[in-house]
Amino acid sequence: MQNSKAKMDEFKTRFMDLLHKQTNRQMKIPAMGFSDYFIQTVTTDALSTTTKTTGAAATENSEEEVTDGVQKSDQEILESIEECYYSADSNPELYELKKVLAAGIDNQLIESTIAQLRTQQKVLTKQVLQNILEQRNACSSEFQAINETQKKLEESLWTCQKARSYLNYARTNLTTTSLEILASYRKREVLKEVLDTLMAIKKLRTTDEELQKLLADHNYSAAIELLLQCQSSAAGFMQYNCVQSLHKKLQETMLLMEYQLDTVLNEMVLNFDIRKYAKLQEAYKLANKSLIAMDQLHINYISAVHSTVNAVVRGYSEPNAEEQPKLLYEQLCEQLSADKLIPCLISLCKTFWTILASYYQVVMWHNNYKLYTQQEESDGESPDLYIQQKLKKGQSRIWNDILNKVCLFLQSAKLTTLKYDQFIQVLSIVQRLKKVGVEFCSEQSEKLITTMQQQSEEFFRRYHICCVEEICLFLDNESWTPLDSFSHILQLPEFRSVRHALRRHKSPTTALLASSNNSPISNNNCDELVSVHSQDGGGSSIYGSYGYFLRFSEKSSPFDGGLDAAMLEEDILSGIVDEASCYFSEESDDEQKSLQSKEFAEDANNQLLVNNTALNVLRCIGRYLQMCKLLHCISPKIVASMLELLDFYAYAVHEIFGKDALVATDNLYTPRLEQRLRAVESNVLTQIKVWPLNFSSLINNELANPDTLYGLPQRIVAIEAGRSMFQQFHVLQHYLNHLLPAGDRPALINYLEYSEFIADLAKPVYTCVASRVIDLSAILAQMAKVKWDVNHVTHQHSSYSDVLNRNIQSFAMCLEEISKEVSIPSKHVWNAMAHVATHLLVEGFSNVKKCSAGGRALMQLDFANFMSFLELISNQKYPEHRAYVDVFIKSYYFSPEQFEQWIEQQRLGDEYSAKQLTNLIQCVCVSDKRTRQRLLQLLEGVATSVTPTTTPHKNNYNAGSNLSNVI
């Protein structure tokens, strides 16, 4: 009994130890206060106690809990506490601060929030205290229940001991049954594994449908991610044949997907979509092929450039071009007709713009988005950096490919067959394409400029000849009558594109400012004026300061609309443009009228005399000026051609109106005038086929009619139109200096410094009229009859002086009649008359064989009578012509030494002819044979030395009669 009792005690001890261990391992806190007993009994006692304890606190805070006159209960205050206060990881302080300061600092809101929080804190504290008091009784009851449980455990100990004995019996009798149960369980687990495998295989088989759906939605990244997941899942079931075949199919699907990605990537070249492109890049990133995709993208762009040009040019080729074997790009360009050159060039530029705009958006996308994070980039070289470098190099390569295609087009196409307006349009398109290249990759497109320079030089050479021949046509049909309502070149449409530029460069200050640039512009760069001459544009659009790539997309281009007539108004060098109408325009019609009325008001008040030919020359100059703006590289040649047109007009006027003089006009030609006329003969006349023109009708009719003073109105119109033309050309001086390189400006300045060009040309023209008005032979005959060797001084002038005065008076009356038709340039016309009359007198005086002092006095009397009458009737003074005759008459009074010295001076000049000096020597030295012989030998020596060097050029300007050798 003692042993059994000891064993029971030992068993009891071990059982208690086991219970303690289990309690420590799985300690659980009992649910205090939530039993039915607590709800029914304990809660009532606790509430009564709590009510007494917290009554004072409730009374104290009753005023704070009243909101809008209504007292809230504790439960409502507790429910008003927000959820963030019950979260362990929340920050209630920051939350309340953000909520209070969200709308700014509001003191009233802050005070109300603080009051609310204090109320909530007090109610919560009261509730916690109440819960603690309520759970105290429950805790006591729980401890009592634990004691009861301990007693029950002791009873359970005995039950366990009894159960062990039964289990020992079951272990020996139920083994077979247990193994069968375990086998069934294992079988169930195997079946579950097989079922999972079958479900995974089924999911793999349905992947293809999901992939096609994702691809249809352009969700390439999700498709690749799903495909990679399927491949990873299939790798765990490779022992099955069906999974192996499925894995191969997934690989094929991956290849097909990559092909489809490449296809969509190729579509980005001509139709860029930022959403599709973003999905493409994400998909390539998942496939780890971003760099390969970038290389493929560049290949697509380059192939697009080469493939589209042939399609575009072939579309404009002849209808039978499709039937012919495939031609090269150059051959296709050569087959283009002239009327299809510009539309084809515009289509090419639009196609190139689509490619460039798409590439530009690709560059912008990669500049704004990073494919790889810094952690991914830190593992090696940055893929984004490689992509940036690849894109930067690709810009230059793509642009160079486009330049090669455009240059081949310009070289192969027959641009020289185009009309002026068409060629200007080509220049405008090329210049706009040049600006696109500058914005795209900062390339100056030297090859394009060189190509256009070559084409432009050839076109301008041919066009200049056509303009000269056109002027010849105008000259041949010219009526030499003035045109009305012309006051300034800005009235001509050819100068409309430079109105603002002329306004800015009207003053010399602006020109000096432009020419003070120390960096001369190279002749090899036709478009450096894009920056230098950006002020030439006068557009008012606010979009002008932005580039093409910001104003246009790949679906709209700078070459859309307004490319037929509008681009002729374009100022290519403008930096401020009006793209609302898709082309550049310097000014509207209202601005043109305003400019013409304000900036050039003074010029507009003066009516200019011009004829059809002079007006056509100005229009040609206006067209040349447009080309000079667009082709700065050949601007020196263009400006030189402008000067040739002016000189050619002057040469033609001289050929028509300046070769029918009855007197010698050699001394009327200044060296610079001769140089100009000689230059026209050598440089212009050799290039045209229509010279000399047929002016016989004009010469036989108007120029031979004494009633019109031998065509004086026509001569005045010709000369004054040339004067007006040169005056208007001076308006362009500062702007031309602005366009010309610094090294070519002195030539223009030197040309314009000869301001007396037309005045010098007017001398032989008006001399032709004056020599016909005066009866030269009759007056010379009367002078020869006068006795000049009288011994006494007479007070009566000679009769020939009256005849000469009557001729002058008749000439003045005719001028009054002509002045009703055309304004008379009195100074030049009367100067010509004074020149002919004074040279006639000197010629008559030089023919005198014997002359006394009285004869010299008679000469002075006759000359004074004539000059007083001439100055009176013309209302002008002629000091040079007066001195010319006075010196010749007074030479008789010189002492022998003074006379010899005077002859020495005159033999070196061309004021008096050798014949006149010879006759004078013979008359003065009639009694001194030795002196006469010495002076004649001196004069003959000079004449001999001068005669071989005399050019026959002057004789070409002297159409004369026998009197041309007399005077």
# chains A, B, ... in the order shown; residues from 1 in each chain; ligands from 1
$ residues_around --residues "region 437-452 of chain A" --least-positions-apart "2" --cutoff "9 Å" --atoms "only C-alpha atoms" --output "PyMOL selection string"
chain A and resi 356-357+360+392+395-396+399-400+403-404+406-408+410-411+427+430-435+454-457+524-528+547-549+631+633
$ write_last_selection --atoms "C-alpha atoms" --output "compact mmCIF listing (two decimals), in the first residue's frame"
# COMPACT_ATOMS: atom_id res chain seq x y z
CA LEU A 356 12.70 63.78 -88.14
CA ALA A 357 9.74 64.73 -85.95
CA TYR A 360 12.89 64.10 -82.19
CA LYS A 392 22.84 61.83 -80.34
CA GLN A 395 20.67 62.50 -85.21
CA SER A 396 23.70 63.46 -87.29
CA TRP A 399 20.26 64.19 -91.09
CA ASN A 400 23.28 63.46 -93.29
CA LEU A 403 20.96 65.80 -96.92
CA ASN A 404 22.46 63.34 -99.38
CA VAL A 406 18.05 66.23 -101.08
CA CYS A 407 21.39 67.18 -102.66
CA LEU A 408 21.06 64.37 -105.20
CA LEU A 410 18.79 69.21 -106.46
CA GLN A 411 21.75 68.13 -108.60
CA LEU A 427 15.24 78.42 -102.29
CA VAL A 430 15.66 74.55 -98.97
CA GLN A 431 16.26 77.32 -96.49
CA ARG A 432 13.39 76.10 -94.34
CA LEU A 433 14.84 72.57 -94.52
CA LYS A 434 18.18 74.07 -93.52
CA LYS A 435 16.62 75.62 -90.43
CA GLN A 454 26.17 75.79 -107.52
CA GLN A 455 22.61 75.53 -108.76
CA SER A 456 21.92 79.14 -107.88
CA GLU A 457 24.97 80.45 -109.68
CA ASN A 524 30.77 79.45 -98.16
CA ASN A 525 27.90 79.63 -95.76
CA CYS A 526 24.72 80.80 -97.43
CA ASP A 527 22.68 80.79 -94.27
CA GLU A 528 24.85 82.42 -91.62
CA GLY A 547 11.30 76.22 -83.23
CA TYR A 548 9.57 74.06 -85.77
CA PHE A 549 9.65 70.98 -83.54
CA LEU A 631 21.50 83.25 -101.27
CA CYS A 633 26.83 83.15 -100.55
$ residues_around --residues "region 265-279 of chain A" --least-positions-apart "2" --cutoff "9 Å" --atoms "only C-alpha atoms" --output "mmCIF file with all heavy atoms, in the first residue's frame"
data_model
loop_
_atom_site.group_PDB
_atom_site.id
_atom_site.type_symbol
_atom_site.label_atom_id
_atom_site.label_comp_id
_atom_site.auth_asym_id
_atom_site.auth_seq_id
_atom_site.Cartn_x
_atom_site.Cartn_y
_atom_site.Cartn_z
ATOM 1 N N HIS A 218 -1.998 46.274 -76.698
ATOM 2 C CA HIS A 218 -0.668 46.904 -76.724
ATOM 3 C C HIS A 218 -0.018 46.918 -75.346
ATOM 4 O O HIS A 218 0.816 47.783 -75.056
ATOM 5 C CB HIS A 218 -0.743 48.341 -77.263
ATOM 6 C CG HIS A 218 -1.370 48.438 -78.618
ATOM 7 N ND1 HIS A 218 -0.747 47.984 -79.764
ATOM 8 C CD2 HIS A 218 -2.596 48.904 -79.009
ATOM 9 C CE1 HIS A 218 -1.536 48.186 -80.805
ATOM 10 N NE2 HIS A 218 -2.667 48.740 -80.374
ATOM 11 N N ASN A 219 -0.395 45.956 -74.525
ATOM 12 C CA ASN A 219 0.211 45.838 -73.191
ATOM 13 C C ASN A 219 1.359 44.837 -73.285
ATOM 14 O O ASN A 219 1.296 43.707 -72.778
ATOM 15 C CB ASN A 219 -0.841 45.386 -72.168
ATOM 16 C CG ASN A 219 -0.371 45.597 -70.740
ATOM 17 O OD1 ASN A 219 0.766 45.991 -70.504
ATOM 18 N ND2 ASN A 219 -1.248 45.331 -69.786
ATOM 19 N N TYR A 220 2.436 45.267 -73.950
ATOM 20 C CA TYR A 220 3.529 44.352 -74.246
ATOM 21 C C TYR A 220 4.290 43.952 -72.991
ATOM 22 O O TYR A 220 4.759 42.823 -72.871
ATOM 23 C CB TYR A 220 4.481 45.003 -75.253
ATOM 24 C CG TYR A 220 3.787 45.499 -76.485
ATOM 25 C CD1 TYR A 220 3.594 46.863 -76.721
ATOM 26 C CD2 TYR A 220 3.292 44.612 -77.429
ATOM 27 C CE1 TYR A 220 2.949 47.325 -77.854
ATOM 28 C CE2 TYR A 220 2.640 45.059 -78.576
ATOM 29 C CZ TYR A 220 2.470 46.414 -78.767
ATOM 30 O OH TYR A 220 1.824 46.854 -79.880
ATOM 31 N N SER A 221 4.433 44.872 -72.059
ATOM 32 C CA SER A 221 5.186 44.541 -70.843
ATOM 33 C C SER A 221 4.475 43.452 -70.044
ATOM 34 O O SER A 221 5.111 42.501 -69.554
ATOM 35 C CB SER A 221 5.358 45.801 -69.991
ATOM 36 O OG SER A 221 4.084 46.355 -69.659
ATOM 37 N N GLN A 260 6.751 40.830 -83.367
ATOM 38 C CA GLN A 260 5.655 41.791 -83.337
ATOM 39 C C GLN A 260 6.101 43.107 -82.700
ATOM 40 O O GLN A 260 5.712 44.196 -83.139
ATOM 41 C CB GLN A 260 4.463 41.208 -82.585
ATOM 42 C CG GLN A 260 3.213 42.078 -82.646
ATOM 43 C CD GLN A 260 2.001 41.389 -82.054
ATOM 44 O OE1 GLN A 260 2.095 40.245 -81.633
ATOM 45 N NE2 GLN A 260 0.875 42.088 -82.011
ATOM 46 N N LEU A 261 6.936 43.027 -81.661
ATOM 47 C CA LEU A 261 7.474 44.247 -81.062
ATOM 48 C C LEU A 261 8.306 45.025 -82.061
ATOM 49 O O LEU A 261 8.232 46.264 -82.139
ATOM 50 C CB LEU A 261 8.306 43.897 -79.822
ATOM 51 C CG LEU A 261 7.539 43.410 -78.595
ATOM 52 C CD1 LEU A 261 8.518 43.032 -77.493
ATOM 53 C CD2 LEU A 261 6.574 44.459 -78.086
ATOM 54 N N ASP A 262 9.115 44.308 -82.843
ATOM 55 C CA ASP A 262 9.914 44.979 -83.872
ATOM 56 C C ASP A 262 9.029 45.626 -84.929
ATOM 57 O O ASP A 262 9.333 46.707 -85.444
ATOM 58 C CB ASP A 262 10.868 43.979 -84.526
ATOM 59 C CG ASP A 262 11.943 43.501 -83.564
ATOM 60 O OD1 ASP A 262 12.169 44.196 -82.557
ATOM 61 O OD2 ASP A 262 12.530 42.433 -83.806
ATOM 62 N N THR A 263 7.913 44.950 -85.242
ATOM 63 C CA THR A 263 6.983 45.525 -86.225
ATOM 64 C C THR A 263 6.368 46.824 -85.708
ATOM 65 O O THR A 263 6.300 47.836 -86.414
ATOM 66 C CB THR A 263 5.872 44.520 -86.551
ATOM 67 O OG1 THR A 263 6.468 43.308 -87.036
ATOM 68 C CG2 THR A 263 4.927 45.080 -87.592
ATOM 69 N N GLN A 281 9.099 50.153 -74.746
ATOM 70 C CA GLN A 281 10.345 50.234 -73.997
ATOM 71 C C GLN A 281 10.272 49.417 -72.707
ATOM 72 O O GLN A 281 11.255 48.770 -72.308
ATOM 73 C CB GLN A 281 10.667 51.700 -73.682
ATOM 74 C CG GLN A 281 11.074 52.517 -74.889
ATOM 75 C CD GLN A 281 12.319 51.979 -75.558
ATOM 76 O OE1 GLN A 281 13.231 51.466 -74.902
ATOM 77 N NE2 GLN A 281 12.363 52.072 -76.884
ATOM 78 N N GLU A 282 9.125 49.423 -72.051
ATOM 79 C CA GLU A 282 8.965 48.615 -70.843
ATOM 80 C C GLU A 282 9.059 47.124 -71.172
ATOM 81 O O GLU A 282 9.658 46.336 -70.430
ATOM 82 C CB GLU A 282 7.619 48.936 -70.194
ATOM 83 C CG GLU A 282 7.407 48.263 -68.850
ATOM 84 C CD GLU A 282 8.370 48.751 -67.785
ATOM 85 O OE1 GLU A 282 8.857 49.903 -67.932
ATOM 86 O OE2 GLU A 282 8.635 48.006 -66.836
ATOM 87 N N ALA A 283 8.468 46.736 -72.314
ATOM 88 C CA ALA A 283 8.537 45.334 -72.731
ATOM 89 C C ALA A 283 9.972 44.936 -73.062
ATOM 90 O O ALA A 283 10.436 43.849 -72.665
ATOM 91 C CB ALA A 283 7.633 45.120 -73.945
ATOM 92 N N TYR A 284 10.690 45.790 -73.802
ATOM 93 C CA TYR A 284 12.086 45.472 -74.126
ATOM 94 C C TYR A 284 12.943 45.416 -72.869
ATOM 95 O O TYR A 284 13.900 44.636 -72.787
ATOM 96 C CB TYR A 284 12.650 46.510 -75.095
ATOM 97 C CG TYR A 284 12.268 46.262 -76.532
ATOM 98 C CD1 TYR A 284 11.527 47.202 -77.250
ATOM 99 C CD2 TYR A 284 12.642 45.092 -77.182
ATOM 100 C CE1 TYR A 284 11.176 46.985 -78.565
ATOM 101 C CE2 TYR A 284 12.300 44.866 -78.507
ATOM 102 C CZ TYR A 284 11.567 45.806 -79.193
ATOM 103 O OH TYR A 284 11.222 45.584 -80.497
ATOM 104 N N ALA A 293 17.033 46.881 -79.019
ATOM 105 C CA ALA A 293 15.896 47.590 -79.602
ATOM 106 C C ALA A 293 16.301 48.976 -80.094
ATOM 107 O O ALA A 293 15.816 49.451 -81.136
ATOM 108 C CB ALA A 293 14.771 47.698 -78.583
ATOM 109 N N GLN A 296 18.050 48.568 -83.347
ATOM 110 C CA GLN A 296 17.077 48.242 -84.382
ATOM 111 C C GLN A 296 16.272 49.475 -84.775
ATOM 112 O O GLN A 296 15.937 49.663 -85.958
ATOM 113 C CB GLN A 296 16.130 47.147 -83.875
ATOM 114 C CG GLN A 296 15.093 46.705 -84.884
ATOM 115 C CD GLN A 296 15.710 46.082 -86.125
ATOM 116 O OE1 GLN A 296 16.724 45.378 -86.020
ATOM 117 N NE2 GLN A 296 15.135 46.345 -87.287
ATOM 118 N N LEU A 297 15.968 50.334 -83.816
ATOM 119 C CA LEU A 297 15.213 51.546 -84.113
ATOM 120 C C LEU A 297 15.984 52.453 -85.067
ATOM 121 O O LEU A 297 15.418 53.009 -86.012
ATOM 122 C CB LEU A 297 14.902 52.287 -82.813
ATOM 123 C CG LEU A 297 14.070 53.577 -82.935
ATOM 124 C CD1 LEU A 297 12.688 53.261 -83.488
ATOM 125 C CD2 LEU A 297 13.957 54.280 -81.596
ATOM 126 N N ASN A 300 15.806 51.091 -88.495
ATOM 127 C CA ASN A 300 14.496 51.371 -89.086
ATOM 128 C C ASN A 300 14.420 52.799 -89.623
ATOM 129 O O ASN A 300 13.868 53.046 -90.706
ATOM 130 C CB ASN A 300 13.400 51.155 -88.045
ATOM 131 C CG ASN A 300 13.266 49.705 -87.635
ATOM 132 O OD1 ASN A 300 13.720 48.799 -88.348
ATOM 133 N ND2 ASN A 300 12.665 49.450 -86.487
ATOM 134 N N TYR A 301 14.961 53.776 -88.868
ATOM 135 C CA TYR A 301 14.931 55.161 -89.332
ATOM 136 C C TYR A 301 15.757 55.335 -90.603
ATOM 137 O O TYR A 301 15.334 56.012 -91.556
ATOM 138 C CB TYR A 301 15.457 56.091 -88.239
ATOM 139 C CG TYR A 301 14.409 56.521 -87.253
ATOM 140 C CD1 TYR A 301 14.352 55.976 -85.973
ATOM 141 C CD2 TYR A 301 13.454 57.467 -87.595
ATOM 142 C CE1 TYR A 301 13.388 56.369 -85.054
ATOM 143 C CE2 TYR A 301 12.483 57.868 -86.691
ATOM 144 C CZ TYR A 301 12.457 57.309 -85.424
ATOM 145 O OH TYR A 301 11.492 57.701 -84.537
ATOM 146 N N ALA A 304 14.035 53.768 -93.472
ATOM 147 C CA ALA A 304 12.856 54.549 -93.856
ATOM 148 C C ALA A 304 13.244 55.722 -94.748
ATOM 149 O O ALA A 304 12.528 56.057 -95.704
ATOM 150 C CB ALA A 304 12.137 55.055 -92.612
ATOM 151 N N THR A 351 7.957 64.189 -96.073
ATOM 152 C CA THR A 351 8.312 62.831 -95.630
ATOM 153 C C THR A 351 9.491 62.865 -94.677
ATOM 154 O O THR A 351 9.488 62.206 -93.629
ATOM 155 C CB THR A 351 8.633 61.962 -96.848
ATOM 156 O OG1 THR A 351 7.510 61.954 -97.737
ATOM 157 C CG2 THR A 351 8.932 60.536 -96.421
ATOM 158 N N THR A 354 8.402 64.077 -91.302
ATOM 159 C CA THR A 354 7.720 63.043 -90.499
ATOM 160 C C THR A 354 8.745 62.181 -89.776
ATOM 161 O O THR A 354 8.596 61.875 -88.588
ATOM 162 C CB THR A 354 6.836 62.186 -91.410
ATOM 163 O OG1 THR A 354 5.874 63.020 -92.059
ATOM 164 C CG2 THR A 354 6.113 61.121 -90.601
ATOM 165 N N ILE A 355 9.796 61.792 -90.485
ATOM 166 C CA ILE A 355 10.833 60.959 -89.874
ATOM 167 C C ILE A 355 11.578 61.742 -88.799
ATOM 168 O O ILE A 355 11.820 61.230 -87.689
ATOM 169 C CB ILE A 355 11.791 60.448 -90.964
ATOM 170 C CG1 ILE A 355 11.029 59.549 -91.958
ATOM 171 C CG2 ILE A 355 12.962 59.695 -90.352
ATOM 172 C CD1 ILE A 355 11.840 59.130 -93.154
ATOM 173 N N LEU A 356 11.943 62.974 -89.105
ATOM 174 C CA LEU A 356 12.703 63.775 -88.138
ATOM 175 C C LEU A 356 11.874 64.094 -86.897
ATOM 176 O O LEU A 356 12.384 64.050 -85.770
ATOM 177 C CB LEU A 356 13.171 65.074 -88.794
ATOM 178 C CG LEU A 356 14.193 64.931 -89.919
ATOM 179 C CD1 LEU A 356 14.487 66.284 -90.548
ATOM 180 C CD2 LEU A 356 15.491 64.308 -89.412
ATOM 181 N N ALA A 357 10.599 64.416 -87.098
ATOM 182 C CA ALA A 357 9.743 64.734 -85.954
ATOM 183 C C ALA A 357 9.563 63.509 -85.061
ATOM 184 O O ALA A 357 9.558 63.615 -83.826
ATOM 185 C CB ALA A 357 8.383 65.242 -86.441
ATOM 186 N N SER A 358 9.425 62.332 -85.671
ATOM 187 C CA SER A 358 9.299 61.106 -84.876
ATOM 188 C C SER A 358 10.578 60.845 -84.082
ATOM 189 O O SER A 358 10.528 60.532 -82.883
ATOM 190 C CB SER A 358 9.008 59.931 -85.808
ATOM 191 O OG SER A 358 8.999 58.719 -85.084
ATOM 192 N N TYR A 359 11.715 61.006 -84.739
ATOM 193 C CA TYR A 359 12.984 60.789 -84.039
ATOM 194 C C TYR A 359 13.174 61.822 -82.928
ATOM 195 O O TYR A 359 13.677 61.498 -81.842
ATOM 196 C CB TYR A 359 14.137 60.870 -85.036
ATOM 197 C CG TYR A 359 15.461 60.378 -84.478
ATOM 198 C CD1 TYR A 359 15.831 59.051 -84.594
ATOM 199 C CD2 TYR A 359 16.334 61.237 -83.827
ATOM 200 C CE1 TYR A 359 17.031 58.591 -84.087
ATOM 201 C CE2 TYR A 359 17.529 60.793 -83.309
ATOM 202 C CZ TYR A 359 17.873 59.470 -83.449
ATOM 203 O OH TYR A 359 19.058 59.011 -82.930
ATOM 204 N N GLN A 361 10.857 63.217 -81.163
ATOM 205 C CA GLN A 361 10.024 62.845 -80.027
ATOM 206 C C GLN A 361 10.611 61.658 -79.272
ATOM 207 O O GLN A 361 10.476 61.573 -78.047
ATOM 208 C CB GLN A 361 8.607 62.523 -80.511
ATOM 209 C CG GLN A 361 7.871 63.732 -81.058
ATOM 210 C CD GLN A 361 6.414 63.456 -81.330
ATOM 211 O OE1 GLN A 361 5.767 62.748 -80.581
ATOM 212 N NE2 GLN A 361 5.896 64.014 -82.411
ATOM 213 N N VAL A 362 11.282 60.754 -80.000
ATOM 214 C CA VAL A 362 11.974 59.654 -79.319
ATOM 215 C C VAL A 362 13.066 60.205 -78.407
ATOM 216 O O VAL A 362 13.233 59.778 -77.250
ATOM 217 C CB VAL A 362 12.562 58.670 -80.352
ATOM 218 C CG1 VAL A 362 13.490 57.660 -79.672
ATOM 219 C CG2 VAL A 362 11.447 57.928 -81.066
ATOM 220 N N TRP A 365 11.522 61.777 -75.406
ATOM 221 C CA TRP A 365 10.994 60.782 -74.470
ATOM 222 C C TRP A 365 12.109 60.214 -73.598
ATOM 223 O O TRP A 365 11.951 60.081 -72.384
ATOM 224 C CB TRP A 365 10.304 59.656 -75.244
ATOM 225 C CG TRP A 365 9.538 58.707 -74.366
ATOM 226 C CD1 TRP A 365 8.236 58.802 -74.013
ATOM 227 C CD2 TRP A 365 10.054 57.538 -73.713
ATOM 228 N NE1 TRP A 365 7.883 57.771 -73.183
ATOM 229 C CE2 TRP A 365 8.989 56.966 -72.975
ATOM 230 C CE3 TRP A 365 11.285 56.919 -73.666
ATOM 231 C CZ2 TRP A 365 9.136 55.822 -72.217
ATOM 232 C CZ3 TRP A 365 11.440 55.764 -72.908
ATOM 233 C CH2 TRP A 365 10.375 55.227 -72.196
ATOM 234 N N GLU A 554 4.609 65.270 -86.202
ATOM 235 C CA GLU A 554 4.921 64.485 -87.389
ATOM 236 C C GLU A 554 3.758 64.456 -88.379
ATOM 237 O O GLU A 554 3.931 64.089 -89.536
ATOM 238 C CB GLU A 554 5.319 63.053 -86.997
ATOM 239 C CG GLU A 554 4.173 62.206 -86.447
ATOM 240 C CD GLU A 554 3.928 62.450 -84.969
ATOM 241 O OE1 GLU A 554 4.585 63.352 -84.396
ATOM 242 O OE2 GLU A 554 3.099 61.755 -84.386
ATOM 243 N N LYS A 555 2.556 64.857 -87.941
ATOM 244 C CA LYS A 555 1.403 64.878 -88.819
ATOM 245 C C LYS A 555 1.207 66.234 -89.491
ATOM 246 O O LYS A 555 0.435 66.351 -90.435
ATOM 247 C CB LYS A 555 0.147 64.499 -88.041
ATOM 248 C CG LYS A 555 0.184 63.063 -87.512
ATOM 249 C CD LYS A 555 -1.098 62.709 -86.786
ATOM 250 C CE LYS A 555 -1.044 61.267 -86.265
ATOM 251 N NZ LYS A 555 -2.267 60.896 -85.529
#
$ closest_residue --among "A:Ile903, A:Leu475, A:Ala832, A:Cys344" --to "Arg932 (chain A)" --atoms "only C-alpha atoms"
A:Ile903
$ residues_around --residues "region 801-809 of chain A" --least-positions-apart "4" --cutoff "8 Å" --atoms "only C-alpha atoms" --output "PyMOL selection string"
chain A and resi 773-775+779+797+813+862-863+865-866+869-870+873
$ closest_residue --among "A:Asn616, A:Thr308, A:Ser635, A:Gln422" --to "Phe474 (chain A)" --atoms "only C-alpha atoms"
A:Asn616
$ residues_around --residues "Asn611 (chain A)" --least-positions-apart "3" --cutoff "8 Å" --atoms "only C-alpha atoms" --output "tab-separated table (two decimals) with all heavy atoms, in the first residue's frame"
chain	number	residue	atom	x	y	z
A	480	TRP	N	9.13	106.12	-124.29
A	480	TRP	CA	9.86	107.19	-123.60
A	480	TRP	C	8.92	108.28	-123.12
A	480	TRP	O	9.15	109.48	-123.32
A	480	TRP	CB	10.96	107.77	-124.49
A	480	TRP	CG	11.91	106.72	-124.96
A	480	TRP	CD1	12.00	106.18	-126.19
A	480	TRP	CD2	12.91	106.06	-124.17
A	480	TRP	NE1	12.98	105.22	-126.25
A	480	TRP	CE2	13.57	105.14	-125.01
A	480	TRP	CE3	13.32	106.18	-122.83
A	480	TRP	CZ2	14.60	104.33	-124.58
A	480	TRP	CZ3	14.35	105.37	-122.40
A	480	TRP	CH2	14.99	104.45	-123.25
A	481	THR	N	7.86	107.82	-122.49
A	481	THR	CA	6.91	108.73	-121.85
A	481	THR	C	6.89	108.43	-120.36
A	481	THR	O	7.05	107.28	-119.95
A	481	THR	CB	5.51	108.56	-122.44
A	481	THR	OG1	5.10	107.19	-122.31
A	481	THR	CG2	5.48	108.97	-123.90
A	482	PRO	N	6.68	109.45	-119.53
A	482	PRO	CA	6.70	109.21	-118.09
A	482	PRO	C	5.47	108.47	-117.61
A	482	PRO	O	4.39	108.57	-118.20
A	482	PRO	CB	6.78	110.62	-117.49
A	482	PRO	CG	6.16	111.49	-118.52
A	482	PRO	CD	6.48	110.87	-119.85
A	483	LEU	N	5.64	107.72	-116.52
A	483	LEU	CA	4.54	107.02	-115.87
A	483	LEU	C	4.08	107.81	-114.66
A	483	LEU	O	4.87	108.49	-114.00
A	483	LEU	CB	4.99	105.62	-115.41
A	483	LEU	CG	5.47	104.68	-116.52
A	483	LEU	CD1	5.93	103.36	-115.92
A	483	LEU	CD2	4.38	104.43	-117.53
A	614	ALA	N	12.76	101.75	-117.12
A	614	ALA	CA	13.37	101.98	-115.81
A	614	ALA	C	12.61	101.25	-114.72
A	614	ALA	O	13.19	100.69	-113.78
A	614	ALA	CB	13.42	103.47	-115.51
A	615	LEU	N	11.28	101.23	-114.84
A	615	LEU	CA	10.48	100.51	-113.86
A	615	LEU	C	10.76	99.01	-113.91
A	615	LEU	O	10.83	98.34	-112.87
A	615	LEU	CB	8.99	100.78	-114.12
A	615	LEU	CG	8.05	100.55	-112.93
A	615	LEU	CD1	8.39	101.47	-111.78
A	615	LEU	CD2	6.61	100.75	-113.37
A	717	VAL	N	13.01	112.23	-120.51
A	717	VAL	CA	12.42	111.08	-119.81
A	717	VAL	C	13.47	109.99	-119.61
A	717	VAL	O	13.56	109.37	-118.54
A	717	VAL	CB	11.20	110.55	-120.59
A	717	VAL	CG1	10.74	109.21	-120.02
A	717	VAL	CG2	10.07	111.56	-120.56
A	718	ALA	N	14.27	109.74	-120.62
A	718	ALA	CA	15.29	108.69	-120.52
A	718	ALA	C	16.31	109.02	-119.43
A	718	ALA	O	16.66	108.17	-118.60
A	718	ALA	CB	15.98	108.51	-121.86
A	721	ALA	N	14.55	109.36	-115.86
A	721	ALA	CA	14.18	108.03	-115.36
A	721	ALA	C	15.40	107.31	-114.82
A	721	ALA	O	15.35	106.64	-113.78
A	721	ALA	CB	13.52	107.22	-116.47
$ atom_distance --atom1 "CA of Lys877 (chain A)" --atom2 "CA of Ser826 (chain A)"
11.9 Å
$ residues_around --residues "Pro879 (chain A)" --least-positions-apart "2" --cutoff "12 Å" --atoms "only C-alpha atoms" --output "number ranges by chain"
A: 831, 834-835, 838, 867, 871, 876-877, 881-887
